[in-house]
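Below is work29.csv, holding CSV, C-alpha atoms.
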```
chain,number,residue,atom,x,y,z
A,1175,MET,CA,45.9,-81.7,34.2
A,1176,ALA,CA,44.6,-84.4,32.0
A,1177,VAL,CA,41.2,-83.6,33.2
A,1178,LYS,CA,41.5,-80.0,32.5
A,1179,ASP,CA,42.9,-80.7,29.0
A,1180,ARG,CA,40.1,-83.1,28.5
A,1181,ASP,CA,37.6,-80.4,29.6
A,1182,ARG,CA,39.2,-78.0,27.3
A,1183,PHE,CA,38.7,-80.1,24.3
A,1184,SER,CA,35.2,-81.2,25.2
A,1185,THR,CA,32.4,-80.2,22.9
A,1186,ALA,CA,30.4,-78.5,25.6
A,1187,THR,CA,33.4,-76.4,26.6
A,1188,ARG,CA,34.2,-75.4,23.1
A,1189,LEU,CA,30.6,-74.5,22.4
A,1190,ARG,CA,30.4,-72.4,25.5
A,1191,LEU,CA,33.7,-70.5,24.6
A,1192,LEU,CA,32.5,-70.1,21.0
A,1193,GLY,CA,29.1,-68.6,22.3
A,1194,GLU,CA,31.0,-66.2,24.6
A,1195,GLN,CA,33.3,-65.0,21.8
A,1196,THR,CA,30.3,-64.6,19.5
A,1197,ALA,CA,28.3,-62.7,22.1
A,1198,ALA,CA,31.3,-60.5,22.8
A,1199,ARG,CA,31.7,-59.7,19.0
A,1200,VAL,CA,28.0,-59.0,18.6
A,1201,TYR,CA,27.9,-56.7,21.6
A,1202,ARG,CA,31.1,-55.0,20.5
A,1203,SER,CA,29.7,-54.4,17.0
A,1204,GLN,CA,26.4,-53.0,18.4
A,1205,THR,CA,28.2,-50.5,20.6
A,1206,ARG,CA,30.4,-49.4,17.7
A,1207,ARG,CA,27.3,-49.1,15.5
A,1208,GLN,CA,25.5,-47.1,18.1
A,1209,ALA,CA,28.5,-44.8,18.5
A,1210,ARG,CA,28.8,-44.3,14.7
A,1211,ARG,CA,25.0,-43.9,14.1
A,1212,SER,CA,24.0,-40.3,13.6
A,1213,ARG,CA,21.0,-38.8,15.3
A,1214,LEU,CA,19.2,-38.5,11.9
A,1215,THR,CA,17.3,-41.7,11.4
A,1216,GLY,CA,15.7,-42.8,8.2
A,1217,ARG,CA,12.3,-41.9,9.4
A,1218,ALA,CA,13.4,-38.4,10.4
A,1219,ALA,CA,15.1,-37.9,7.1
A,1220,LEU,CA,11.9,-38.9,5.3
A,1221,LEU,CA,9.8,-36.7,7.4
A,1222,ALA,CA,12.2,-33.7,6.8
A,1223,LEU,CA,12.0,-34.4,3.0
A,1224,VAL,CA,8.2,-34.5,3.1
A,1225,VAL,CA,8.0,-31.3,5.1
A,1226,CYS,CA,10.4,-29.5,2.7
A,1227,SER,CA,8.6,-30.7,-0.3
A,1228,MET,CA,5.3,-29.5,1.2
A,1229,VAL,CA,6.7,-26.1,1.9
A,1230,VAL,CA,8.1,-25.8,-1.6
A,1231,ALA,CA,4.8,-27.1,-3.1
A,1232,LEU,CA,2.7,-24.6,-1.1
A,1233,ALA,CA,4.9,-21.5,-1.4
A,1234,TYR,CA,3.6,-20.4,-4.9
A,1235,PRO,CA,-0.1,-21.0,-4.1
A,1236,MET,CA,0.3,-19.1,-0.8
A,1237,ARG,CA,2.0,-16.2,-2.7
A,1238,GLN,CA,-0.8,-16.2,-5.2
A,1239,TYR,CA,-3.4,-16.2,-2.4
A,1240,VAL,CA,-1.9,-13.2,-0.7
A,1241,ALA,CA,-1.6,-11.3,-4.0
A,1242,GLN,CA,-5.2,-12.1,-4.8
A,1243,ARG,CA,-6.4,-10.9,-1.4
A,1244,ALA,CA,-4.5,-7.7,-1.9
A,1245,ASP,CA,-6.1,-7.3,-5.4
A,1246,ILE,CA,-9.6,-7.9,-3.8
A,1247,ALA,CA,-9.0,-5.3,-1.2
A,1248,ASP,CA,-7.8,-2.8,-3.8
A,1249,LEU,CA,-10.9,-3.5,-5.9
A,1250,LYS,CA,-13.2,-3.1,-2.9
A,1251,ARG,CA,-11.5,0.3,-2.3
A,1252,GLN,CA,-12.0,1.3,-5.9
A,1253,LYS,CA,-15.7,0.2,-5.8
A,1254,ALA,CA,-16.3,2.3,-2.7
A,1255,GLN,CA,-14.7,5.3,-4.4
A,1256,ALA,CA,-16.8,4.7,-7.5
A,1257,GLN,CA,-20.0,4.5,-5.5
A,1258,GLN,CA,-19.1,7.7,-3.7
A,1259,ARG,CA,-18.5,9.4,-7.1
A,1260,VAL,CA,-21.9,8.1,-8.3
A,1261,GLU,CA,-23.6,9.6,-5.3
A,1262,GLN,CA,-21.9,12.9,-5.9
A,1263,LEU,CA,-23.0,12.9,-9.5
A,1264,ARG,CA,-26.6,12.1,-8.5
A,1265,ASP,CA,-26.6,15.0,-6.1
A,1266,LEU,CA,-25.2,17.3,-8.8
A,1267,LYS,CA,-27.9,16.0,-11.3
A,1268,ALA,CA,-30.6,16.7,-8.7
A,1269,ARG,CA,-29.2,20.2,-8.1
A,1270,TRP,CA,-29.2,21.0,-11.9
A,1271,GLN,CA,-32.8,19.9,-12.2
A,1272,ASP,CA,-33.7,22.8,-9.8
A,1273,ASP,CA,-34.4,25.9,-11.8
A,1274,ALA,CA,-33.0,28.3,-9.3
A,1275,TYR,CA,-29.6,26.5,-9.2
A,1276,ALA,CA,-29.4,26.3,-13.0
A,1277,GLN,CA,-30.2,30.0,-13.3
A,1278,GLN,CA,-27.5,30.8,-10.7
A,1279,GLN,CA,-24.9,28.7,-12.5
A,1280,ILE,CA,-25.8,30.2,-15.9
A,1281,ARG,CA,-25.5,33.7,-14.6
A,1282,ARG,CA,-22.2,33.0,-12.9
A,1283,ARG,CA,-20.5,30.9,-15.6
A,1284,LEU,CA,-21.8,32.6,-18.8
A,1285,HIS,CA,-22.2,36.1,-17.4
A,1286,TYR,CA,-25.9,36.4,-18.3
A,1287,VAL,CA,-27.9,39.2,-16.8
A,1288,LEU,CA,-31.6,39.5,-16.4
A,1289,PRO,CA,-33.5,42.3,-18.2
A,1290,GLY,CA,-33.1,45.5,-16.3
A,1291,GLU,CA,-29.8,44.5,-14.6
A,1292,THR,CA,-26.4,45.9,-15.4
A,1293,GLY,CA,-23.6,43.5,-15.9
A,1294,TYR,CA,-20.0,44.3,-14.8
A,1295,THR,CA,-16.8,42.5,-15.5
A,1296,VAL,CA,-13.9,43.3,-13.1
A,1297,VAL,CA,-10.4,42.9,-14.5
A,1298,ASP,CA,-7.8,42.3,-11.9
A,1299,PRO,CA,-5.2,45.1,-12.2
A,1300,GLY,CA,-2.6,43.1,-10.3
A,1301,PRO,CA,-1.1,41.1,-13.3
A,1302,VAL,CA,-1.0,44.2,-15.6
A,1303,LYS,CA,1.1,46.3,-13.2
A,1304,GLN,CA,3.9,43.8,-12.7
A,1305,SER,CA,7.3,45.1,-13.2
A,1306,ARG,CA,9.9,43.6,-15.5
A,1307,ALA,CA,11.8,42.2,-12.5
A,1308,GLU,CA,8.6,40.4,-11.3
A,1309,GLN,CA,7.9,39.0,-14.7
A,1310,GLY,CA,11.2,37.2,-14.6
A,1311,THR,CA,12.9,39.1,-17.4
A,1312,ALA,CA,15.8,40.1,-15.2
A,1313,ARG,CA,16.7,36.4,-14.7
A,1314,ARG,CA,16.8,35.6,-18.4
A,1315,PRO,CA,19.5,36.6,-20.9
A,1316,TRP,CA,18.9,39.6,-23.1
A,1317,TYR,CA,18.4,37.7,-26.3
A,1318,THR,CA,15.6,35.6,-24.7
A,1319,ASN,CA,13.9,38.9,-23.7
A,1320,VAL,CA,14.2,40.1,-27.3
A,1321,TRP,CA,12.7,36.9,-28.8
A,1322,TYR,CA,9.9,36.9,-26.2
A,1323,GLY,CA,9.1,40.5,-27.3
A,1324,VAL,CA,9.0,39.5,-30.9
A,1325,ASP,CA,6.7,36.6,-30.2
A,1326,LYS,CA,4.4,38.7,-28.1
A,1327,SER,CA,4.1,41.4,-30.7
A,1328,ASP,CA,3.4,38.8,-33.4
A,1329,ALA,CA,0.7,37.2,-31.3
A,1330,ALA,CA,-1.0,40.6,-30.8
A,1331,ARG,CA,-1.4,41.2,-34.6
A,1332,GLN,CA,-3.2,37.9,-35.1
```
Reformat the file's structure so that it appears as structure tokens.
Amino acid sequence: MAVKDRDRFSTATRLRLLGEQTAARVYRSQTRRQARRSRLTGRAALLALVVCSMVVALAYPMRQYVAQRADIADLKRQKAQAQQRVEQLRDLKARWQDDAYAQQQIRRRLHYVLPGETGYTVVDPGPVKQSRAEQGTARRPWYTNVWYGVDKSDAARQ
């Protein structure tokens, strides 16, 4: 036993035991650290932060871009409508420069007749022969009908 005790207290034996204990502690702490370590590393967190900041930074310009594209499309539609209206007005101007069209419109709109022609104006008898029920007097109260009659007779005198 003396040899074993002497081996136990030798420097080489003590250094070997100390190295084994230290290695056991290091490996044990690494396994604990790995077990506690989350899946989110520092690089992944930084990458997520950069991506989120890029999304936030680009959200407003993208919204403006989409809104401006919609405005451009609307202005193009308005331009096409304006060009169509200009074409219609040019056609109308060309028609009015034709003497036959101008004479036709003057006769129709202003009721002009050429010398030797007889002009007629036809009055539609439909509205004159409406009954009181059709005029809506039956649906109104009596005092409204009286006031309507007073206003109508007053307007006829002027």
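CA of Gln1255 (chain A) sits 20.0 Å away from CA of Ala1268 (chain A).
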Mind giving me the straight-line distance from CA of Val1230 (chain A) to CA of Ala1244 (chain A) in Å, one decimal?
22.1 Å
Please compute the CA of Leu1220 (chain A)-CA of Met1236 (chain A) distance, one decimal, in Å.
23.7 Å
